[in-house]
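Engineer: Dropping in target_36.csv, which is CSV, C-alpha atoms and all ligand atoms:
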```csv
chain,number,residue,atom,x,y,z
U,1,MET,CA,0.0,0.0,0.0
U,2,SER,CA,1.3,3.5,-0.9
U,3,CYS,CA,1.8,6.1,1.8
U,4,GLU,CA,-0.8,8.3,0.1
U,5,VAL,CA,-3.5,5.6,0.3
U,6,ASN,CA,-2.4,4.7,3.8
U,7,ARG,CA,-2.8,8.4,4.9
U,8,GLU,CA,-6.2,8.6,3.4
U,9,ASN,CA,-7.1,5.5,5.4
U,10,LEU,CA,-5.5,7.0,8.5
U,11,THR,CA,-7.7,10.1,8.3
U,12,ALA,CA,-10.8,7.9,7.8
U,13,HIS,CA,-9.7,5.7,10.7
U,14,MET,CA,-9.4,8.7,13.1
U,15,ALA,CA,-13.0,9.7,12.1
U,16,GLY,CA,-14.2,6.1,12.7
U,17,GLU,CA,-15.0,5.7,9.0
U,18,LEU,CA,-12.5,3.0,8.0
U,19,ALA,CA,-13.9,-0.2,6.5
U,20,MET,CA,-13.2,-3.4,8.5
U,21,GLY,CA,-11.0,-4.9,5.8
U,22,GLU,CA,-8.8,-1.8,5.6
U,23,SER,CA,-7.8,-1.7,9.3
U,24,GLU,CA,-5.4,-4.6,9.1
U,25,ALA,CA,-3.6,-3.1,6.1
U,26,LEU,CA,-3.3,0.2,7.9
U,27,ARG,CA,-1.9,-1.4,11.0
U,28,LEU,CA,0.7,-3.3,9.0
U,29,HIS,CA,1.8,-0.2,7.1
U,30,MET,CA,2.1,1.9,10.2
U,31,ALA,CA,4.3,-0.7,11.8
U,32,VAL,CA,7.0,-0.2,9.2
U,33,CYS,CA,6.6,3.4,7.8
U,34,VAL,CA,8.3,6.1,9.8
U,35,ALA,CA,6.9,8.9,7.4
U,36,CYS,CA,3.3,7.8,8.0
U,37,THR,CA,3.9,7.6,11.8
U,38,GLN,CA,5.1,11.2,11.7
U,39,TYR,CA,2.1,12.1,9.6
U,40,LEU,CA,-0.2,10.6,12.2
U,41,ALA,CA,1.4,12.9,14.9
U,42,GLU,CA,0.7,15.9,12.6
U,43,LEU,CA,-2.8,14.8,12.0
U,44,GLU,CA,-3.4,14.5,15.8
U,45,ARG,CA,-2.0,18.0,16.3
U,46,LEU,CA,-4.3,19.3,13.6
U,47,GLU,CA,-7.3,17.6,15.2
U,48,THR,CA,-6.5,19.3,18.5
U,49,PHE,CA,-5.8,22.7,16.9
U,50,CYS,CA,-9.1,22.6,15.0
U,51,GLY,CA,-10.8,22.5,18.4
U,52,ILE,CA,-10.0,26.2,19.0
U,53,TRP,CA,-12.7,27.3,16.5
U,54,GLU,CA,-15.3,28.9,18.8
U,55,GLU,CA,-18.9,27.9,19.0
U,56,VAL,CA,-21.4,30.8,19.0
U,57,GLU,CA,-24.7,31.1,20.9
U,58,PRO,CA,-27.8,32.3,19.1
U,59,SER,CA,-28.8,35.8,20.2
U,60,PRO,CA,-31.9,35.8,22.4
U,61,LYS,CA,-34.0,37.5,19.8
U,62,PHE,CA,-33.3,35.0,17.0
U,63,ASP,CA,-36.5,33.0,17.6
U,64,ALA,CA,-38.7,36.1,17.6
U,65,ARG,CA,-37.1,37.4,14.5
U,66,PHE,CA,-37.5,34.1,12.7
U,67,TRP,CA,-41.2,33.8,13.6
U,68,ALA,CA,-41.8,37.4,12.5
U,69,ALA,CA,-40.2,36.5,9.1
U,70,VAL,CA,-42.5,33.5,8.9
U,71,ASP,CA,-45.5,35.7,9.5
U,72,GLY,CA,-44.2,38.2,6.9
U,73,ALA,CA,-43.7,35.4,4.3
U,74,ALA,CA,-47.1,33.8,5.1
U,75,ASN,CA,-48.9,37.1,4.3
U,76,LYS,CA,-47.5,37.2,0.8
U,77,PRO,CA,-50.6,36.5,-1.4
U,78,GLU,CA,-48.7,34.3,-3.9
U,79,LEU,CA,-47.5,32.0,-1.1
U,80,ARG,CA,-51.0,31.8,0.3
U,81,ILE,CA,-52.4,30.8,-3.1
U,82,MET,CA,-49.6,28.1,-3.3
U,83,ASP,CA,-50.4,26.9,0.2
U,84,TRP,CA,-54.1,26.7,-0.7
U,85,LEU,CA,-53.4,24.9,-3.9
U,86,CYS,CA,-51.1,22.4,-2.2
U,87,SER,CA,-53.6,21.8,0.6
U,88,ARG,CA,-56.3,21.2,-2.1
U,89,LEU,CA,-54.0,18.8,-4.0
U,90,SER,CA,-53.0,16.9,-0.9
U,91,PHE,CA,-56.3,15.2,-0.4
U,92,SER,CA,-56.4,11.6,-1.5
U,93,ILE,CA,-55.6,11.8,-5.2
U,94,ASN,CA,-54.6,8.6,-6.8
U,95,TRP,CA,-51.3,9.8,-8.2
U,96,ARG,CA,-50.8,6.7,-10.4
U,97,MET,CA,-54.0,7.5,-12.2
U,98,ALA,CA,-53.2,11.2,-12.2
U,99,ARG,CA,-49.9,10.4,-14.0
U,100,VAL,CA,-51.6,8.3,-16.6
U,101,ALA,CA,-54.2,11.1,-17.2
U,102,ILE,CA,-51.4,13.6,-17.6
U,103,MET,CA,-49.5,11.3,-20.1
U,104,LEU,CA,-52.8,10.8,-22.0
U,105,SER,CA,-53.5,14.5,-22.1
U,106,LEU,CA,-50.0,15.2,-23.4
U,107,CYS,CA,-50.4,12.6,-26.1
U,108,PHE,CA,-53.8,13.9,-27.1
U,109,GLY,CA,-52.5,17.5,-27.2
U,110,LEU,CA,-49.6,16.5,-29.4
U,111,SER,CA,-51.8,14.5,-31.8
U,112,LEU,CA,-54.1,17.5,-32.1
U,113,LEU,CA,-51.1,19.7,-32.9
U,114,VAL,CA,-49.9,17.2,-35.6
U,115,MET,CA,-53.4,17.0,-37.1
U,116,LYS,CA,-53.7,20.8,-37.3
U,117,GLN,CA,-50.6,21.0,-39.6
U,118,PRO,CA,-51.7,21.7,-43.2
U,119,VAL,CA,-51.4,18.8,-45.7
U,120,PRO,CA,-48.5,19.5,-48.1
U,121,SER,CA,-49.6,20.3,-51.7
U,122,GLY,CA,-48.1,18.6,-54.8
U,123,THR,CA,-46.2,21.8,-55.7
U,124,GLY,CA,-44.0,21.5,-52.7
U,125,SER,CA,-44.8,25.0,-51.5
U,126,SER,CA,-47.2,24.1,-48.7
U,127,VAL,CA,-47.9,26.5,-45.9
U,128,ALA,CA,-46.2,24.2,-43.5
U,129,GLU,CA,-43.0,24.4,-45.5
U,130,GLU,CA,-43.1,28.2,-45.5
U,131,SER,CA,-43.5,28.1,-41.7
U,132,PRO,CA,-45.7,31.2,-41.1
U,133,ALA,CA,-44.6,32.9,-37.9
U,134,THR,CA,-48.2,33.6,-36.7
U,135,PHE,CA,-51.7,32.4,-37.3
U,136,ALA,CA,-52.4,35.8,-39.0
U,137,GLU,CA,-49.5,35.2,-41.4
U,138,PHE,CA,-50.8,31.8,-42.1
U,139,LEU,CA,-54.3,33.2,-43.0
U,140,ARG,CA,-52.7,35.8,-45.2
U,141,ILE,CA,-50.8,33.2,-47.2
U,142,GLN,CA,-53.9,31.0,-47.5
U,143,GLU,CA,-55.9,34.0,-48.8
U,144,GLU,CA,-53.2,34.8,-51.4
U,145,GLU,CA,-53.1,31.2,-52.6
U,146,ASP,CA,-56.9,31.3,-53.0
U,147,GLN,CA,-56.6,34.5,-55.0
U,148,ILE,CA,-54.0,32.9,-57.3
U,149,LYS,CA,-56.4,30.0,-57.9
U,150,ASP,CA,-59.2,32.4,-58.8
U,151,PHE,CA,-56.8,34.2,-61.2
U,152,ASP,CA,-56.0,30.9,-62.9
U,153,VAL,CA,-59.7,30.1,-63.4
U,154,ILE,CA,-60.4,33.6,-64.9
U,155,ALA,CA,-57.4,33.3,-67.3
U,156,ASN,CA,-58.7,29.9,-68.5
U,157,LEU,CA,-62.3,31.0,-69.0
U,158,GLU,CA,-61.6,31.7,-72.7
U,159,LEU,CA,-60.3,28.1,-73.1
U,160,LEU,CA,-63.5,26.9,-71.4
U,161,GLU,CA,-65.7,28.8,-73.8
U,162,HIS,CA,-64.0,26.9,-76.7
U,163,PHE,CA,-64.0,23.7,-74.8
U,164,ASP,CA,-66.7,21.9,-77.0
U,165,GLU,CA,-64.9,22.9,-80.2
U,166,VAL,CA,-61.5,21.6,-79.0
U,167,LYS,CA,-63.2,18.4,-77.8
U,168,ASN,CA,-64.8,17.8,-81.1
U,169,GLN,CA,-61.6,18.4,-83.0
U,170,TRP,CA,-59.8,16.0,-80.6
U,171,LEU,CA,-62.5,13.3,-81.1
U,172,ARG,CA,-62.2,13.5,-84.9
U,173,LEU,CA,-58.5,12.7,-84.8
U,174,PRO,CA,-57.4,9.1,-85.6
U,175,VAL,CA,-56.8,7.0,-82.4
U,176,ALA,CA,-53.1,6.8,-83.0
U,177,GLN,CA,-52.7,10.6,-83.1
U,178,GLN,CA,-54.9,11.1,-80.0
U,179,GLY,CA,-52.1,9.6,-77.8
U,180,THR,CA,-49.5,12.0,-79.1
U,181,ASN,CA,-51.6,15.2,-78.4
Y,1,MET,CA,-32.1,27.5,-11.5
Y,2,THR,CA,-35.8,27.4,-10.5
Y,3,GLY,CA,-36.5,26.1,-14.0
Y,4,GLN,CA,-34.1,23.2,-13.5
Y,5,VAL,CA,-35.7,22.5,-10.1
Y,6,LEU,CA,-39.2,22.6,-11.5
Y,7,HIS,CA,-38.1,20.4,-14.4
Y,8,GLY,CA,-36.5,17.9,-12.0
Y,9,TRP,CA,-39.6,17.9,-9.9
Y,10,TRP,CA,-41.8,17.5,-12.9
Y,11,LEU,CA,-39.9,14.5,-14.2
Y,12,THR,CA,-39.8,12.9,-10.7
Y,13,PHE,CA,-43.5,13.5,-10.4
Y,14,LEU,CA,-44.2,11.8,-13.7
Y,15,LEU,CA,-41.9,8.9,-12.9
Y,16,LYS,CA,-42.7,8.3,-9.3
Y,17,GLY,CA,-45.4,10.7,-8.0
Y,18,PRO,CA,-45.4,12.5,-4.7
Y,19,GLY,CA,-47.5,10.0,-2.8
Y,20,GLU,CA,-45.3,7.1,-3.7
Y,21,SER,CA,-44.0,6.5,-0.2
Y,22,GLU,CA,-47.4,7.1,1.5
Y,23,GLY,CA,-48.1,3.4,1.7
Y,24,THR,CA,-44.7,2.5,3.1
Y,25,GLU,CA,-43.8,2.1,6.8
Y,26,PRO,CA,-42.9,5.3,8.7
Y,27,ASP,CA,-39.2,6.3,8.5
Y,28,PRO,CA,-37.2,5.2,11.5
Y,29,ASP,CA,-35.3,8.5,11.6
Y,30,PRO,CA,-37.1,10.6,14.3
Y,31,ASP,CA,-36.2,14.0,12.6
Y,32,THR,CA,-37.6,12.7,9.3
Y,33,ASN,CA,-40.7,11.6,11.1
Y,34,LEU,CA,-41.1,15.1,12.6
Y,35,MET,CA,-40.7,16.7,9.2
Y,36,LEU,CA,-43.3,14.4,7.8
Y,37,ARG,CA,-45.6,15.3,10.6
Y,38,PHE,CA,-45.0,19.0,9.8
Y,39,THR,CA,-45.9,18.4,6.2
Y,40,GLN,CA,-49.2,17.0,7.5
Y,41,GLY,CA,-49.9,20.2,9.4
Y,42,ASP,CA,-48.3,19.5,12.8
Y,43,GLN,CA,-46.8,22.8,13.7
Y,44,GLN,CA,-45.3,21.5,16.9
Y,45,ALA,CA,-43.2,19.0,15.0
Y,46,PHE,CA,-41.5,22.0,13.2
Y,47,ASP,CA,-40.9,23.7,16.6
Y,48,ILE,CA,-39.0,20.7,17.8
Y,49,LEU,CA,-36.8,20.6,14.7
Y,50,PHE,CA,-36.3,24.3,14.9
Y,51,ASN,CA,-35.2,24.2,18.5
Y,52,LYS,CA,-33.0,21.2,17.9
Y,53,TYR,CA,-31.1,22.6,14.9
Y,54,THR,CA,-31.0,26.4,15.5
Y,55,ARG,CA,-27.7,26.5,17.2
Y,56,THR,CA,-26.1,23.9,14.9
Y,57,ILE,CA,-27.1,25.7,11.8
Y,58,ILE,CA,-26.1,29.1,13.1
Y,59,ASN,CA,-22.7,27.6,13.9
Y,60,TYR,CA,-22.4,26.0,10.5
Y,61,ALA,CA,-23.1,29.4,8.8
Y,62,PHE,CA,-20.7,31.1,11.2
Y,63,LYS,CA,-17.9,28.8,9.9
Y,64,PHE,CA,-18.3,30.4,6.5
Y,65,VAL,CA,-19.2,34.0,7.2
Y,66,GLY,CA,-17.3,34.5,10.5
Y,67,ASP,CA,-19.9,36.9,12.0
Y,68,LEU,CA,-22.8,36.1,14.3
Y,69,GLY,CA,-25.2,38.6,12.7
Y,70,ALA,CA,-24.6,37.4,9.2
Y,71,ALA,CA,-24.7,33.7,10.4
Y,72,GLU,CA,-28.1,34.4,12.0
Y,73,ASP,CA,-29.4,36.0,8.8
Y,74,LEU,CA,-28.3,33.0,6.9
Y,75,ALA,CA,-29.8,30.6,9.4
Y,76,GLN,CA,-33.1,32.5,9.2
Y,77,GLU,CA,-33.1,32.2,5.4
Y,78,ILE,CA,-32.3,28.4,5.8
Y,79,PHE,CA,-35.2,27.8,8.3
Y,80,LEU,CA,-37.6,29.8,6.1
Y,81,LYS,CA,-36.7,27.4,3.3
Y,82,VAL,CA,-37.3,24.4,5.5
Y,83,TYR,CA,-40.6,26.0,6.7
Y,84,SER,CA,-41.8,26.6,3.1
Y,85,GLY,CA,-40.4,23.2,2.1
Y,86,LYS,CA,-43.3,21.5,3.9
Y,87,ASN,CA,-45.1,21.3,0.6
Y,88,THR,CA,-42.2,19.7,-1.3
Y,89,TYR,CA,-40.4,17.6,1.3
Y,90,ARG,CA,-40.2,14.0,0.4
Y,91,ALA,CA,-39.8,11.1,2.8
Y,92,GLU,CA,-37.0,9.6,0.7
Y,93,ALA,CA,-34.7,12.4,1.9
Y,94,LYS,CA,-33.4,12.1,5.5
Y,95,PHE,CA,-34.2,15.3,7.2
Y,96,LYS,CA,-30.7,16.0,8.4
Y,97,THR,CA,-29.1,15.7,5.0
Y,98,TRP,CA,-32.0,17.6,3.4
Y,99,LEU,CA,-31.5,20.4,5.9
Y,100,TYR,CA,-27.7,20.5,5.3
Y,101,LYS,CA,-28.2,20.6,1.5
Y,102,ILE,CA,-30.4,23.7,2.0
Y,103,ALA,CA,-27.9,25.2,4.4
Y,104,THR,CA,-24.9,24.4,2.2
Y,105,ASN,CA,-26.5,26.0,-0.8
Y,106,ALA,CA,-27.4,29.1,1.2
Y,107,CYS,CA,-23.8,29.4,2.6
Y,108,ILE,CA,-22.2,28.9,-0.8
Y,109,SER,CA,-24.5,31.5,-2.4
Y,110,GLU,CA,-23.7,33.9,0.3
Y,111,LEU,CA,-19.9,33.4,0.0
Y,112,ARG,CA,-20.1,34.1,-3.8
Y,113,LYS,CA,-21.2,37.7,-3.0
Y,114,PRO,CA,-18.4,40.2,-3.7
Y,115,ARG,CA,-18.0,41.4,-0.1
Y,116,TYR,CA,-17.0,37.8,1.0
Y,117,ARG,CA,-14.6,37.3,-1.9
Y,118,GLN,CA,-12.8,40.5,-0.9
Y,119,THR,CA,-12.7,39.5,2.8
Y,120,LEU,CA,-11.4,36.1,1.8
Y,121,GLN,CA,-8.5,37.6,-0.2
Y,122,SER,CA,-7.5,39.9,2.6
Y,123,ILE,CA,-7.6,37.1,5.2
Y,124,ASP,CA,-5.7,34.8,2.9
Y,125,ALA,CA,-2.9,37.1,2.1
Y,126,PRO,CA,-0.6,36.5,5.0
Y,127,VAL,CA,-1.0,32.8,5.0
Y,128,HIS,CA,-0.3,32.4,1.3
Y,129,ARG,CA,2.1,35.1,0.3
Y,130,SER,CA,4.0,37.0,2.9
Y,131,GLU,CA,6.9,34.6,3.7
Y,132,SER,CA,8.8,37.2,5.8
Y,133,GLY,CA,5.6,38.3,7.6
Y,134,GLU,CA,4.9,34.6,8.2
Y,135,SER,CA,8.3,34.0,9.9
Y,136,ALA,CA,7.9,37.1,12.0
Y,137,ARG,CA,4.5,36.0,13.2
Y,138,ARG,CA,5.8,32.5,13.9
Y,139,LEU,CA,8.6,33.9,16.0
Y,140,GLU,CA,6.3,36.2,17.8
Y,141,ILE,CA,3.9,33.4,18.7
Y,142,ALA,CA,6.7,31.1,19.7
Y,143,ASP,CA,8.2,33.8,21.9
Y,144,THR,CA,4.9,34.5,23.5
Y,145,GLU,CA,4.4,30.8,24.2
Y,146,GLN,CA,7.8,30.4,25.8
Y,147,ASN,CA,7.4,33.2,28.2
Y,148,HIS,CA,3.6,33.4,28.9
Y,149,PRO,CA,0.6,31.2,29.1
Y,150,LEU,CA,-1.9,31.2,26.2
Y,151,LYS,CA,-3.4,34.6,25.9
Y,152,GLN,CA,-6.8,35.6,24.6
Y,153,LEU,CA,-5.1,37.7,21.8
Y,154,GLU,CA,-3.0,34.8,20.7
Y,155,LEU,CA,-6.1,32.5,20.6
Y,156,LYS,CA,-7.8,35.1,18.5
Y,157,GLU,CA,-4.8,35.1,16.2
Y,158,MET,CA,-4.8,31.4,15.9
Y,159,ARG,CA,-8.5,31.2,15.2
Y,160,LYS,CA,-7.9,33.7,12.4
Y,161,ALA,CA,-5.1,31.6,11.0
Y,162,LEU,CA,-7.3,28.5,11.2
Y,163,LYS,CA,-10.2,30.2,9.5
Y,164,ALA,CA,-8.0,31.7,6.8
Y,165,ALA,CA,-6.5,28.2,6.1
Y,166,VAL,CA,-10.0,26.6,5.9
Y,167,ASP,CA,-11.3,29.4,3.7
Y,168,GLY,CA,-8.4,28.8,1.4
Y,169,LEU,CA,-9.4,25.2,0.7
Y,170,PRO,CA,-11.1,24.4,-2.5
Y,171,GLU,CA,-14.9,24.6,-2.0
Y,172,ASN,CA,-15.7,20.9,-1.9
Y,173,GLN,CA,-12.8,20.1,0.5
Y,174,ARG,CA,-13.8,23.0,2.8
Y,175,LEU,CA,-17.5,21.7,2.8
Y,176,ALA,CA,-16.5,18.1,3.5
Y,177,PHE,CA,-14.0,19.2,6.2
Y,178,ILE,CA,-16.5,21.5,8.0
Y,179,LEU,CA,-19.4,19.0,7.7
Y,180,THR,CA,-17.4,16.1,9.2
Y,181,LYS,CA,-15.2,18.0,11.7
Y,182,TYR,CA,-17.7,20.5,13.1
Y,183,GLN,CA,-21.1,19.3,12.2
Y,184,THR,CA,-20.2,15.6,12.9
Y,185,LEU,CA,-21.8,14.3,9.7
Y,186,SER,CA,-20.7,10.8,8.6
Y,187,TYR,CA,-18.9,10.4,5.3
Y,188,GLN,CA,-22.1,8.9,3.9
Y,189,GLU,CA,-24.2,11.9,5.0
Y,190,VAL,CA,-21.6,14.3,3.5
Y,191,ALA,CA,-21.8,12.3,0.3
Y,192,VAL,CA,-25.5,12.9,0.1
Y,193,VAL,CA,-25.2,16.6,0.9
Y,194,LEU,CA,-22.5,17.1,-1.7
Y,195,ASN,CA,-24.2,14.8,-4.3
Y,196,SER,CA,-21.0,12.8,-4.2
Y,197,SER,CA,-19.8,9.3,-3.2
Y,198,GLU,CA,-18.3,8.0,0.0
Y,199,PRO,CA,-14.8,7.3,-1.5
Y,200,ALA,CA,-14.8,10.8,-3.0
Y,201,VAL,CA,-15.6,12.3,0.4
Y,202,LYS,CA,-12.9,10.2,2.0
Y,203,SER,CA,-10.4,11.6,-0.5
Y,204,LEU,CA,-11.7,15.2,-0.1
Y,205,ILE,CA,-11.2,15.1,3.6
Y,206,HIS,CA,-7.8,13.6,3.4
Y,207,ARG,CA,-6.6,16.2,0.9
Y,208,ALA,CA,-8.2,19.0,3.0
Y,209,LYS,CA,-6.3,17.8,6.1
Y,210,GLU,CA,-3.1,17.4,4.2
Y,211,THR,CA,-3.4,21.0,3.0
Y,212,LEU,CA,-4.3,22.3,6.4
Y,213,ILE,CA,-1.3,20.6,8.0
Y,214,ALA,CA,1.0,22.1,5.3
Y,215,LYS,CA,-0.6,25.6,5.8
Y,216,LEU,CA,-0.7,25.6,9.6
Y,217,LYS,CA,2.5,23.9,10.4
Y,218,PRO,CA,4.7,27.0,10.2
Y,219,THR,CA,2.4,29.0,12.5
Y,220,SER,CA,0.5,26.9,14.9
Y,221,LEU,CA,1.0,23.2,14.6
Y,222,ASN,CA,4.6,23.2,15.7
Y,223,ARG,CA,3.6,24.6,19.0
R,1,ZN,ZN,3.8,5.3,4.7
```
The structure given in the file should be rewritten as structure tokens.
Structural biologist:
Amino acid sequence: MSCEVNRENLTAHMAGELAMGESEALRLHMAVCVACTQYLAELERLETFCGIWEEVEPSPKFDARFWAAVDGAANKPELRIMDWLCSRLSFSINWRMARVAIMLSLCFGLSLLVMKQPVPSGTGSSVAEESPATFAEFLRIQEEEDQIKDFDVIANLELLEHFDEVKNQWLRLPVAQQGTN
Amino acid sequence: MTGQVLHGWWLTFLLKGPGESEGTEPDPDPDTNLMLRFTQGDQQAFDILFNKYTRTIINYAFKFVGDLGAAEDLAQEIFLKVYSGKNTYRAEAKFKTWLYKIATNACISELRKPRYRQTLQSIDAPVHRSESGESARRLEIADTEQNHPLKQLELKEMRKALKAAVDGLPENQRLAFILTKYQTLSYQEVAVVLNSSEPAVKSLIHRAKETLIAKLKPTSLNR
């Protein structure tokens, strides 16, 4: 055993904290090591010297001051509310069931959040991808998209007017050419 | 800090629940039982704990701040936390170690205030630096001892040297040393208070005492 380990055990031994198995090793080392024997003497002197640190007595008004502080703290409204809440919660709640309920509520809340996400469109520019910062922003983008759709319909009205004509032309084409158009 | 505590509490609540130990047998530790009685509204149980630990906690705080008034202010803060902790106290925590955790946190926070850091530096100065001053003081004390019995002034000087040496220890060593030497906590209890292990505490105390011997040998231990 090294002197360092032995001295650690020596300190523990003096505090009555040495494990049973370590005592014999300590005794054997101390029997042959002069340096550790000197260290033991220093350790004992330190123990005695440490005894000079004075103990203080609480001042007579300490109790009264403390209880005044307790009264002061108890009159704070936020603490009274907390106290009231805690006293309400302390009646016989089945905590196991409460935990299951909290877990279920969390899962339900999360699933609601997921369901509220807009479905991505085929163009790859869904509202979710653009991450609108606020709900108002989300509504604005939605409105703009609707306006663009309306514009597309208006622009294609002319084509719709000629729809029958185009259809008839297309039907008159030979079957082989229909696939290429 | 509060966020972390709340987060920790929340996780523990989800995993274990505050009423987990309700069905178990009462804790054999009498102080823990008293605290549990207090959590159920028994004011007298708190009074017993308060009377039992007032002097101990004031003296613990005194070891750090070195002034009775400041130590009492700290002790008041500590007991207020214990008092308001009746809603959060859990039977798994032994009252004594729970109390010392609160007390240790309060003392450490106090010592991190600028005024204590300045005080610490000024007290530390002669012990660490002034080699010539050190020799002069050593001679002076040795001379006093040879010719006169121990005087009050000398005792004051030695206490100052001891406090300076303890204050100069790294924080964990200082805490472990004070908790075992002056508060008579076991290594196991200190390990709980410091969120550490028993072997680590054993090592901390050994290193603390080794440092103290080296620091105090020139002044007081050779007497
Ligand atoms: Zn040795």
Engineer: Identify all chain U residues at most 7 Å from chain Y by counting all atoms listed in the file; ligands do not count. Present them as a ChimeraX atom specification.
Structural biologist: /U:8,11-12,42,45-46,52-53,55-58,66,70,86,95,99
Engineer: Using all atoms listed in the file, pick whichever of U:Asn9, U:Ser23, U:Thr37, U:Asn75 has the shortest atom-to-atom distance to ligand ZN 1 (chain R).
Structural biologist: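 That would be U:Thr37, the residue with the smallest distance to ligand ZN 1 (chain R).
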Engineer: Under the rule of at most 12 Å, produce a per-residue listing of chain U near ligand ZN 1 (chain R): chain, number, name, the closest pair of atoms, and the distance in Å, as a Markdown table, using only C-alpha atoms and all ligand atoms.
Structural biologist:
```
| residue | atom | partner | partner_atom | distance |
| --- | --- | --- | --- | --- |
| U:Met1 | CA | R:ZN1 | ZN | 8.0 |
| U:Ser2 | CA | R:ZN1 | ZN | 6.4 |
| U:Cys3 | CA | R:ZN1 | ZN | 3.6 |
| U:Glu4 | CA | R:ZN1 | ZN | 7.2 |
| U:Val5 | CA | R:ZN1 | ZN | 8.5 |
| U:Asn6 | CA | R:ZN1 | ZN | 6.3 |
| U:Arg7 | CA | R:ZN1 | ZN | 7.3 |
| U:Glu8 | CA | R:ZN1 | ZN | 10.6 |
| U:Asn9 | CA | R:ZN1 | ZN | 10.9 |
| U:Leu10 | CA | R:ZN1 | ZN | 10.2 |
| U:Ala25 | CA | R:ZN1 | ZN | 11.3 |
| U:Leu26 | CA | R:ZN1 | ZN | 9.3 |
| U:Arg27 | CA | R:ZN1 | ZN | 10.8 |
| U:Leu28 | CA | R:ZN1 | ZN | 10.1 |
| U:His29 | CA | R:ZN1 | ZN | 6.3 |
| U:Met30 | CA | R:ZN1 | ZN | 6.7 |
| U:Ala31 | CA | R:ZN1 | ZN | 9.3 |
| U:Val32 | CA | R:ZN1 | ZN | 7.8 |
| U:Cys33 | CA | R:ZN1 | ZN | 4.6 |
| U:Val34 | CA | R:ZN1 | ZN | 6.8 |
| U:Ala35 | CA | R:ZN1 | ZN | 5.5 |
| U:Cys36 | CA | R:ZN1 | ZN | 4.2 |
| U:Thr37 | CA | R:ZN1 | ZN | 7.5 |
| U:Gln38 | CA | R:ZN1 | ZN | 9.2 |
| U:Tyr39 | CA | R:ZN1 | ZN | 8.6 |
| U:Leu40 | CA | R:ZN1 | ZN | 10.0 |
```
Engineer: Leu99 in chain Y: which residues within 10 Å, counting only C-alpha atoms, same-chain residues fewer than 2 positions away excluded, as a PyMOL selection string?
Structural biologist: chain Y and resi 53+57+78-79+81-82+93-97+101-104+193
Engineer: CA of Glu92 in chain Y and CA of Leu36 in chain Y, how far apart in Å?
Structural biologist: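 Going from CA of Leu36 in chain Y over to CA of Glu92 in chain Y, I get 10.6 Å.
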Engineer: Between CA of Tyr100 in chain Y and CA of Gln173 in chain Y, what is the distance in Å, rounded to a tenth?
Structural biologist: 15.7 Å
Engineer: Between Y:Ser109, Y:Ala61, Y:Glu154, Y:Trp98, which residue has the minimum interatomic distance to Asn195 in chain Y, considering all atoms listed in the file?
Structural biologist: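 Ranked by minimum distance to Asn195 in chain Y, first place goes to Y:Trp98.
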Engineer: Between CA of Glu171 in chain Y and CA of Ile108 in chain Y, what is the distance in Å, rounded to a tenth?
Structural biologist: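 Straight-line distance from CA of Glu171 in chain Y to CA of Ile108 in chain Y works out to 8.6 Å.
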